[in-house]
file data_22.txt (compact mmCIF, N, CA, C and O atoms)
# COMPACT_ATOMS: atom_id res chain seq x y z
N MET A 1 -6.22 -3.12 16.48
CA MET A 1 -5.08 -3.87 16.92
C MET A 1 -4.04 -2.89 17.45
O MET A 1 -3.75 -1.89 16.83
N GLY A 2 -3.47 -3.17 18.63
CA GLY A 2 -2.52 -2.28 19.26
C GLY A 2 -1.13 -2.41 18.67
O GLY A 2 -0.85 -3.29 17.85
N GLU A 3 -0.26 -1.52 19.10
CA GLU A 3 1.11 -1.54 18.63
C GLU A 3 1.86 -2.73 19.21
O GLU A 3 1.73 -3.05 20.39
N ILE A 4 2.64 -3.40 18.40
CA ILE A 4 3.42 -4.55 18.84
C ILE A 4 4.70 -4.04 19.50
O ILE A 4 5.42 -3.24 18.91
N PRO A 5 5.00 -4.49 20.74
CA PRO A 5 6.16 -3.96 21.44
C PRO A 5 7.51 -4.45 20.89
O PRO A 5 8.53 -3.86 21.18
N TYR A 6 7.51 -5.51 20.10
CA TYR A 6 8.75 -6.06 19.55
C TYR A 6 8.68 -6.09 18.04
O TYR A 6 7.63 -6.26 17.45
N SER A 7 9.85 -5.99 17.41
CA SER A 7 9.94 -6.17 15.96
C SER A 7 10.07 -7.65 15.67
O SER A 7 10.35 -8.46 16.56
N VAL A 8 9.94 -8.02 14.41
CA VAL A 8 10.11 -9.41 13.99
C VAL A 8 11.49 -9.88 14.44
O VAL A 8 12.49 -9.19 14.25
N GLY A 9 11.53 -11.04 15.06
CA GLY A 9 12.79 -11.62 15.51
C GLY A 9 13.23 -11.17 16.89
O GLY A 9 14.27 -11.61 17.38
N GLU A 10 12.47 -10.29 17.54
CA GLU A 10 12.83 -9.77 18.86
C GLU A 10 11.85 -10.27 19.91
O GLU A 10 10.76 -10.73 19.59
N GLY A 11 12.23 -10.14 21.16
CA GLY A 11 11.35 -10.47 22.28
C GLY A 11 11.56 -11.88 22.77
O GLY A 11 12.25 -12.68 22.14
N PRO A 12 10.95 -12.17 23.90
CA PRO A 12 11.09 -13.52 24.45
C PRO A 12 10.32 -14.53 23.60
O PRO A 12 9.36 -14.17 22.91
N ALA A 13 10.76 -15.77 23.64
CA ALA A 13 10.05 -16.83 22.93
C ALA A 13 8.74 -17.13 23.66
O ALA A 13 8.70 -17.12 24.88
N ILE A 14 7.70 -17.36 22.89
CA ILE A 14 6.42 -17.77 23.47
C ILE A 14 6.00 -19.08 22.81
O ILE A 14 6.39 -19.37 21.68
N ARG A 15 5.22 -19.83 23.51
CA ARG A 15 4.73 -21.10 22.98
C ARG A 15 3.46 -20.83 22.19
O ARG A 15 2.56 -20.14 22.64
N VAL A 16 3.41 -21.38 20.96
CA VAL A 16 2.22 -21.28 20.13
C VAL A 16 1.88 -22.68 19.62
O VAL A 16 2.75 -23.55 19.54
N SER A 17 0.65 -22.87 19.27
CA SER A 17 0.23 -24.14 18.69
C SER A 17 0.33 -24.02 17.18
O SER A 17 -0.08 -23.02 16.59
N LEU A 18 0.89 -25.04 16.55
CA LEU A 18 1.08 -25.03 15.11
C LEU A 18 0.66 -26.37 14.55
O LEU A 18 1.06 -27.42 15.08
N SER A 19 -0.14 -26.37 13.52
CA SER A 19 -0.55 -27.61 12.86
C SER A 19 0.13 -27.70 11.51
O SER A 19 0.08 -26.76 10.72
N LEU A 20 0.81 -28.82 11.27
CA LEU A 20 1.47 -29.08 10.00
C LEU A 20 1.06 -30.47 9.51
O LEU A 20 0.79 -31.35 10.34
N PRO A 21 1.07 -30.69 8.23
CA PRO A 21 0.88 -32.06 7.76
C PRO A 21 1.98 -32.95 8.34
O PRO A 21 3.13 -32.52 8.48
N GLU A 22 1.63 -34.18 8.69
CA GLU A 22 2.58 -35.07 9.34
C GLU A 22 3.84 -35.27 8.51
O GLU A 22 4.96 -35.29 9.04
N GLY A 23 3.69 -35.40 7.21
CA GLY A 23 4.85 -35.58 6.34
C GLY A 23 5.79 -34.38 6.38
O GLY A 23 7.02 -34.54 6.35
N THR A 24 5.23 -33.18 6.45
CA THR A 24 6.05 -31.98 6.53
C THR A 24 6.81 -31.93 7.83
O THR A 24 8.02 -31.67 7.86
N ALA A 25 6.12 -32.21 8.94
CA ALA A 25 6.76 -32.20 10.25
C ALA A 25 7.89 -33.22 10.30
O ALA A 25 8.98 -32.94 10.80
N GLU A 26 7.64 -34.41 9.77
CA GLU A 26 8.67 -35.46 9.79
C GLU A 26 9.86 -35.08 8.92
O GLU A 26 11.01 -35.33 9.27
N ALA A 27 9.60 -34.46 7.78
CA ALA A 27 10.70 -34.02 6.91
C ALA A 27 11.57 -32.99 7.61
O ALA A 27 12.80 -33.01 7.48
N ILE A 28 10.95 -32.09 8.34
CA ILE A 28 11.71 -31.09 9.10
C ILE A 28 12.55 -31.77 10.17
O ILE A 28 13.74 -31.49 10.32
N ARG A 29 11.95 -32.69 10.92
CA ARG A 29 12.69 -33.41 11.97
C ARG A 29 13.88 -34.17 11.39
O ARG A 29 14.96 -34.17 11.97
N ARG A 30 13.69 -34.82 10.26
CA ARG A 30 14.79 -35.56 9.62
C ARG A 30 15.91 -34.61 9.18
O ARG A 30 17.08 -34.93 9.27
N ARG A 31 15.51 -33.44 8.72
CA ARG A 31 16.50 -32.50 8.21
C ARG A 31 17.28 -31.80 9.32
O ARG A 31 18.50 -31.65 9.22
N VAL A 32 16.60 -31.37 10.37
CA VAL A 32 17.27 -30.54 11.39
C VAL A 32 17.30 -31.17 12.78
O VAL A 32 17.96 -30.65 13.67
N GLY A 33 16.57 -32.25 12.99
CA GLY A 33 16.52 -32.86 14.30
C GLY A 33 15.43 -32.24 15.16
O GLY A 33 14.97 -31.13 14.93
N LYS A 34 15.03 -32.99 16.18
CA LYS A 34 13.93 -32.55 17.04
C LYS A 34 14.26 -31.27 17.79
O LYS A 34 13.41 -30.41 17.98
N ARG A 35 15.51 -31.12 18.22
CA ARG A 35 15.89 -29.97 19.04
C ARG A 35 15.92 -28.66 18.25
O ARG A 35 15.79 -27.59 18.83
N GLU A 36 16.09 -28.74 16.94
CA GLU A 36 16.17 -27.52 16.12
C GLU A 36 14.88 -27.24 15.35
O GLU A 36 14.84 -26.35 14.51
N PHE A 37 13.84 -28.00 15.63
CA PHE A 37 12.57 -27.86 14.92
C PHE A 37 12.02 -26.44 15.03
O PHE A 37 11.69 -25.80 14.02
N SER A 38 11.94 -25.90 16.25
CA SER A 38 11.39 -24.55 16.45
C SER A 38 12.22 -23.49 15.75
O SER A 38 11.68 -22.56 15.15
N ALA A 39 13.54 -23.62 15.82
CA ALA A 39 14.42 -22.64 15.16
C ALA A 39 14.20 -22.66 13.65
O ALA A 39 14.17 -21.61 13.00
N PHE A 40 14.03 -23.86 13.09
CA PHE A 40 13.79 -23.99 11.65
C PHE A 40 12.49 -23.28 11.26
O PHE A 40 12.45 -22.51 10.29
N ILE A 41 11.43 -23.53 12.01
CA ILE A 41 10.13 -22.90 11.73
C ILE A 41 10.23 -21.39 11.88
O ILE A 41 9.73 -20.63 11.05
N THR A 42 10.90 -20.92 12.95
CA THR A 42 11.07 -19.48 13.17
C THR A 42 11.77 -18.83 11.99
O THR A 42 11.33 -17.79 11.48
N GLU A 43 12.88 -19.42 11.53
CA GLU A 43 13.62 -18.85 10.40
C GLU A 43 12.77 -18.83 9.14
O GLU A 43 12.79 -17.85 8.38
N ALA A 44 12.00 -19.88 8.91
CA ALA A 44 11.15 -19.93 7.71
C ALA A 44 10.06 -18.85 7.77
O ALA A 44 9.80 -18.17 6.78
N VAL A 45 9.45 -18.68 8.93
CA VAL A 45 8.40 -17.67 9.08
C VAL A 45 8.99 -16.27 8.92
O VAL A 45 8.40 -15.41 8.25
N GLU A 46 10.16 -16.02 9.48
CA GLU A 46 10.78 -14.70 9.35
C GLU A 46 11.16 -14.41 7.90
O GLU A 46 11.00 -13.28 7.44
N ARG A 47 11.62 -15.41 7.16
CA ARG A 47 11.91 -15.21 5.73
C ARG A 47 10.63 -14.84 4.98
O ARG A 47 10.63 -13.94 4.14
N GLU A 48 9.54 -15.53 5.30
CA GLU A 48 8.26 -15.23 4.64
C GLU A 48 7.79 -13.82 4.99
O GLU A 48 7.34 -13.08 4.11
N LEU A 49 7.90 -13.44 6.25
CA LEU A 49 7.50 -12.09 6.65
C LEU A 49 8.34 -11.03 5.94
O LEU A 49 7.82 -10.03 5.46
N ARG A 50 9.64 -11.27 5.86
CA ARG A 50 10.52 -10.32 5.17
C ARG A 50 10.08 -10.16 3.72
O ARG A 50 9.99 -9.04 3.20
N GLY A 51 9.76 -11.28 3.06
CA GLY A 51 9.30 -11.21 1.68
C GLY A 51 7.99 -10.46 1.53
O GLY A 51 7.82 -9.65 0.62
N GLN A 52 7.06 -10.70 2.45
CA GLN A 52 5.77 -10.01 2.39
C GLN A 52 5.93 -8.51 2.65
O GLN A 52 5.27 -7.70 1.99
N ILE A 53 6.78 -8.16 3.60
CA ILE A 53 7.01 -6.73 3.90
C ILE A 53 7.62 -6.04 2.68
O ILE A 53 7.20 -4.94 2.30
N LEU A 54 8.59 -6.69 2.05
CA LEU A 54 9.19 -6.10 0.85
C LEU A 54 8.17 -5.99 -0.27
O LEU A 54 8.09 -4.95 -0.94
N ASP A 55 7.35 -7.02 -0.47
CA ASP A 55 6.31 -6.96 -1.50
C ASP A 55 5.35 -5.80 -1.24
O ASP A 55 4.95 -5.09 -2.17
N GLU A 56 4.97 -5.58 0.02
CA GLU A 56 4.08 -4.47 0.37
C GLU A 56 4.76 -3.14 0.05
O GLU A 56 4.12 -2.22 -0.49
N TYR A 57 6.04 -3.03 0.38
CA TYR A 57 6.76 -1.79 0.10
C TYR A 57 6.81 -1.53 -1.40
O TYR A 57 6.54 -0.42 -1.86
N LEU A 58 7.17 -2.57 -2.18
CA LEU A 58 7.27 -2.39 -3.63
C LEU A 58 5.91 -2.04 -4.24
O LEU A 58 5.84 -1.20 -5.14
N ALA A 59 4.84 -2.66 -3.77
CA ALA A 59 3.50 -2.35 -4.28
C ALA A 59 3.14 -0.90 -3.97
O ALA A 59 2.59 -0.18 -4.82
N ASP A 60 3.45 -0.46 -2.76
CA ASP A 60 3.18 0.93 -2.39
C ASP A 60 4.00 1.88 -3.25
O ASP A 60 3.49 2.89 -3.74
N TYR A 61 5.27 1.57 -3.45
CA TYR A 61 6.13 2.40 -4.29
C TYR A 61 5.56 2.50 -5.70
O TYR A 61 5.50 3.60 -6.28
N GLU A 62 5.14 1.36 -6.26
CA GLU A 62 4.58 1.38 -7.61
C GLU A 62 3.30 2.19 -7.69
O GLU A 62 3.06 2.87 -8.69
N ARG A 63 2.47 2.14 -6.66
CA ARG A 63 1.24 2.96 -6.65
C ARG A 63 1.60 4.45 -6.68
O ARG A 63 0.93 5.25 -7.31
N ARG A 64 2.67 4.81 -5.98
CA ARG A 64 3.04 6.23 -5.89
C ARG A 64 3.90 6.69 -7.05
O ARG A 64 3.76 7.81 -7.52
N GLN A 65 4.81 5.83 -7.57
CA GLN A 65 5.81 6.26 -8.54
C GLN A 65 5.69 5.63 -9.92
O GLN A 65 6.36 6.06 -10.84
N GLY A 66 4.89 4.58 -10.05
CA GLY A 66 4.77 3.90 -11.33
C GLY A 66 5.51 2.56 -11.32
O GLY A 66 6.13 2.19 -10.32
N PRO A 67 5.43 1.85 -12.43
CA PRO A 67 5.99 0.50 -12.52
C PRO A 67 7.49 0.43 -12.21
O PRO A 67 8.24 1.36 -12.50
N ILE A 68 7.87 -0.72 -11.65
CA ILE A 68 9.28 -1.00 -11.34
C ILE A 68 9.68 -2.21 -12.19
O ILE A 68 8.98 -3.22 -12.19
N SER A 69 10.80 -2.11 -12.87
CA SER A 69 11.25 -3.22 -13.71
C SER A 69 11.67 -4.41 -12.85
O SER A 69 11.95 -4.27 -11.65
N GLU A 70 11.73 -5.60 -13.47
CA GLU A 70 12.19 -6.80 -12.77
C GLU A 70 13.60 -6.59 -12.21
O GLU A 70 13.90 -7.01 -11.10
N GLN A 71 14.44 -5.95 -12.98
CA GLN A 71 15.82 -5.70 -12.55
C GLN A 71 15.84 -4.79 -11.31
O GLN A 71 16.58 -5.04 -10.36
N GLU A 72 15.02 -3.75 -11.31
CA GLU A 72 14.94 -2.86 -10.15
C GLU A 72 14.37 -3.58 -8.93
O GLU A 72 14.83 -3.36 -7.81
N GLN A 73 13.38 -4.46 -9.15
CA GLN A 73 12.81 -5.22 -8.04
C GLN A 73 13.86 -6.15 -7.43
O GLN A 73 13.97 -6.25 -6.21
N GLU A 74 14.65 -6.81 -8.27
CA GLU A 74 15.70 -7.70 -7.77
C GLU A 74 16.76 -6.91 -6.99
O GLU A 74 17.22 -7.34 -5.95
N ARG A 75 17.11 -5.74 -7.50
CA ARG A 75 18.07 -4.89 -6.78
C ARG A 75 17.50 -4.48 -5.42
O ARG A 75 18.20 -4.51 -4.40
N ALA A 76 16.22 -4.14 -5.38
CA ALA A 76 15.58 -3.76 -4.12
C ALA A 76 15.62 -4.92 -3.14
O ALA A 76 15.89 -4.74 -1.94
N ARG A 77 15.38 -6.14 -3.61
CA ARG A 77 15.44 -7.32 -2.73
C ARG A 77 16.83 -7.53 -2.17
O ARG A 77 16.99 -7.82 -0.98
N ARG A 78 17.85 -7.35 -3.00
CA ARG A 78 19.23 -7.51 -2.50
C ARG A 78 19.57 -6.45 -1.46
O ARG A 78 20.13 -6.76 -0.41
N VAL A 79 19.20 -5.21 -1.73
CA VAL A 79 19.46 -4.12 -0.78
C VAL A 79 18.70 -4.36 0.51
O VAL A 79 19.24 -4.23 1.61
N PHE A 80 17.43 -4.74 0.39
CA PHE A 80 16.60 -5.02 1.56
C PHE A 80 17.24 -6.10 2.42
O PHE A 80 17.36 -5.95 3.63
N ASP A 81 17.66 -7.19 1.79
CA ASP A 81 18.31 -8.28 2.54
C ASP A 81 19.58 -7.81 3.22
O ASP A 81 19.83 -8.13 4.38
N GLU A 82 20.40 -7.05 2.51
CA GLU A 82 21.66 -6.57 3.09
C GLU A 82 21.41 -5.65 4.29
O GLU A 82 22.04 -5.79 5.33
N VAL A 83 20.49 -4.72 4.15
CA VAL A 83 20.26 -3.73 5.20
C VAL A 83 19.54 -4.33 6.39
O VAL A 83 19.98 -4.18 7.52
N PHE A 84 18.44 -5.02 6.16
CA PHE A 84 17.61 -5.46 7.27
C PHE A 84 17.95 -6.85 7.80
O PHE A 84 18.04 -7.04 9.00
N ALA A 85 18.11 -7.81 6.93
CA ALA A 85 18.36 -9.17 7.41
C ALA A 85 19.76 -9.31 7.99
O ALA A 85 19.93 -9.97 9.01
N GLY A 86 20.74 -8.66 7.40
CA GLY A 86 22.11 -8.76 7.90
C GLY A 86 22.29 -8.16 9.26
O GLY A 86 23.05 -8.66 10.09
N GLU A 87 21.59 -7.10 9.56
CA GLU A 87 21.75 -6.42 10.83
C GLU A 87 20.71 -6.85 11.85
O GLU A 87 20.73 -6.42 12.99
N GLY A 88 19.78 -7.71 11.44
CA GLY A 88 18.75 -8.13 12.36
C GLY A 88 17.70 -7.06 12.64
O GLY A 88 16.91 -7.17 13.55
N GLN A 89 17.68 -6.01 11.83
CA GLN A 89 16.70 -4.95 12.00
C GLN A 89 15.60 -5.13 10.96
O GLN A 89 15.89 -5.37 9.80
N TRP A 90 14.38 -5.02 11.39
CA TRP A 90 13.25 -5.24 10.51
C TRP A 90 12.40 -4.00 10.42
O TRP A 90 12.16 -3.34 11.41
N PRO A 91 11.91 -3.70 9.21
CA PRO A 91 10.91 -2.63 9.11
C PRO A 91 9.60 -3.14 9.68
O PRO A 91 9.38 -4.34 9.79
N ALA A 92 8.75 -2.25 10.07
CA ALA A 92 7.46 -2.63 10.63
C ALA A 92 6.55 -3.18 9.55
O ALA A 92 6.52 -2.67 8.43
N ALA A 93 5.82 -4.23 9.87
CA ALA A 93 4.83 -4.76 8.95
C ALA A 93 3.61 -3.87 8.99
O ALA A 93 3.25 -3.36 10.04
N SER A 94 2.99 -3.66 7.84
CA SER A 94 1.79 -2.82 7.82
C SER A 94 0.55 -3.65 7.98
O SER A 94 0.56 -4.83 7.89

call {"tool": "encode", "arguments": {"input": "data_22.txt", "output": "structure tokens"}}
result
Amino acid sequence: MGEIPYSVGEGPAIRVSLSLPEGTAEAIRRRVGKREFSAFITEAVERELRGQILDEYLADYERRQGPISEQEQERARRVFDEVFAGEGQWPAAS
């Protein structure tokens, strides 16, 4: 797989096909309206990616340095959110 030219949240929008259960799609439409459907899905996917990237980082850190307490993991999540999500900068997914 080649290098991705854009980071998460960057680049032009592209059309993709997405299948959701009908009830889920309708719940999203009721909550945000038809015009904001794509934005809602984009934000949800980016939150999930951010969580997975952080989980990968913490797992790698634990392999190299040993166990991390729940308190340290929560602190890492807060710092990660402040640094990357607030500025719109994302670390690369592995």

call {"tool": "select_by_dssp", "arguments": {"input": "data_22.txt", "residues": "chain A", "states": "helix (DSSP H, G or I)", "output": "PyMOL selection string"}}
result
chain A and resi 22-32+34-65+70-87

call {"tool": "atom_distance", "arguments": {"input": "data_22.txt", "atom1": "atom CA of Val8 of chain A", "atom2": "atom CA of Glu46 of chain A"}}
result
7.1 Å

call {"tool": "closest_residue", "arguments": {"input": "data_22.txt", "among": "A:Gly9, A:Glu43, A:Asp55, A:Pro21", "to": "Ile68 of chain A", "atoms": "only C-alpha atoms"}}
result
A:Asp55

call {"tool": "decode", "arguments": {"input": "data_22.txt", "residues": "segment 35-47 of chain A", "atoms": "N, CA and C atoms", "output": "PDB file, in the first residue's frame"}}
result
ATOM      1  N   ARG A  35     -29.012  17.335   5.149  1.00  0.00           N
ATOM      2  CA  ARG A  35     -27.873  18.095   4.639  1.00  0.00           C
ATOM      3  C   ARG A  35     -26.601  17.895   5.463  1.00  0.00           C
ATOM      4  N   GLU A  36     -26.737  17.517   6.718  1.00  0.00           N
ATOM      5  CA  GLU A  36     -25.565  17.340   7.591  1.00  0.00           C
ATOM      6  C   GLU A  36     -25.188  15.877   7.791  1.00  0.00           C
ATOM      7  N   PHE A  37     -25.831  14.983   7.063  1.00  0.00           N
ATOM      8  CA  PHE A  37     -25.598  13.550   7.213  1.00  0.00           C
ATOM      9  C   PHE A  37     -24.132  13.196   6.997  1.00  0.00           C
ATOM     10  N   SER A  38     -23.549  13.654   5.886  1.00  0.00           N
ATOM     11  CA  SER A  38     -22.147  13.329   5.580  1.00  0.00           C
ATOM     12  C   SER A  38     -21.196  13.884   6.628  1.00  0.00           C
ATOM     13  N   ALA A  39     -21.444  15.103   7.084  1.00  0.00           N
ATOM     14  CA  ALA A  39     -20.579  15.704   8.105  1.00  0.00           C
ATOM     15  C   ALA A  39     -20.627  14.892   9.391  1.00  0.00           C
ATOM     16  N   PHE A  40     -21.820  14.427   9.754  1.00  0.00           N
ATOM     17  CA  PHE A  40     -21.977  13.614  10.959  1.00  0.00           C
ATOM     18  C   PHE A  40     -21.170  12.326  10.850  1.00  0.00           C
ATOM     19  N   ILE A  41     -21.292  11.643   9.716  1.00  0.00           N
ATOM     20  CA  ILE A  41     -20.554  10.395   9.499  1.00  0.00           C
ATOM     21  C   ILE A  41     -19.049  10.655   9.509  1.00  0.00           C
ATOM     22  N   THR A  42     -18.608  11.733   8.839  1.00  0.00           N
ATOM     23  CA  THR A  42     -17.184  12.078   8.802  1.00  0.00           C
ATOM     24  C   THR A  42     -16.643  12.289  10.206  1.00  0.00           C
ATOM     25  N   GLU A  43     -17.356  13.066  11.025  1.00  0.00           N
ATOM     26  CA  GLU A  43     -16.899  13.320  12.397  1.00  0.00           C
ATOM     27  C   GLU A  43     -16.836  12.036  13.212  1.00  0.00           C
ATOM     28  N   ALA A  44     -17.821  11.166  13.041  1.00  0.00           N
ATOM     29  CA  ALA A  44     -17.827   9.905  13.785  1.00  0.00           C
ATOM     30  C   ALA A  44     -16.656   9.017  13.379  1.00  0.00           C
ATOM     31  N   VAL A  45     -16.385   8.940  12.082  1.00  0.00           N
ATOM     32  CA  VAL A  45     -15.274   8.114  11.591  1.00  0.00           C
ATOM     33  C   VAL A  45     -13.943   8.686  12.077  1.00  0.00           C
ATOM     34  N   GLU A  46     -13.791  10.007  12.048  1.00  0.00           N
ATOM     35  CA  GLU A  46     -12.541  10.609  12.513  1.00  0.00           C
ATOM     36  C   GLU A  46     -12.332  10.389  14.003  1.00  0.00           C
ATOM     37  N   ARG A  47     -13.402  10.439  14.799  1.00  0.00           N
ATOM     38  CA  ARG A  47     -13.275  10.139  16.233  1.00  0.00           C
ATOM     39  C   ARG A  47     -12.809   8.695  16.430  1.00  0.00           C
TER      40      ARG A  47
END
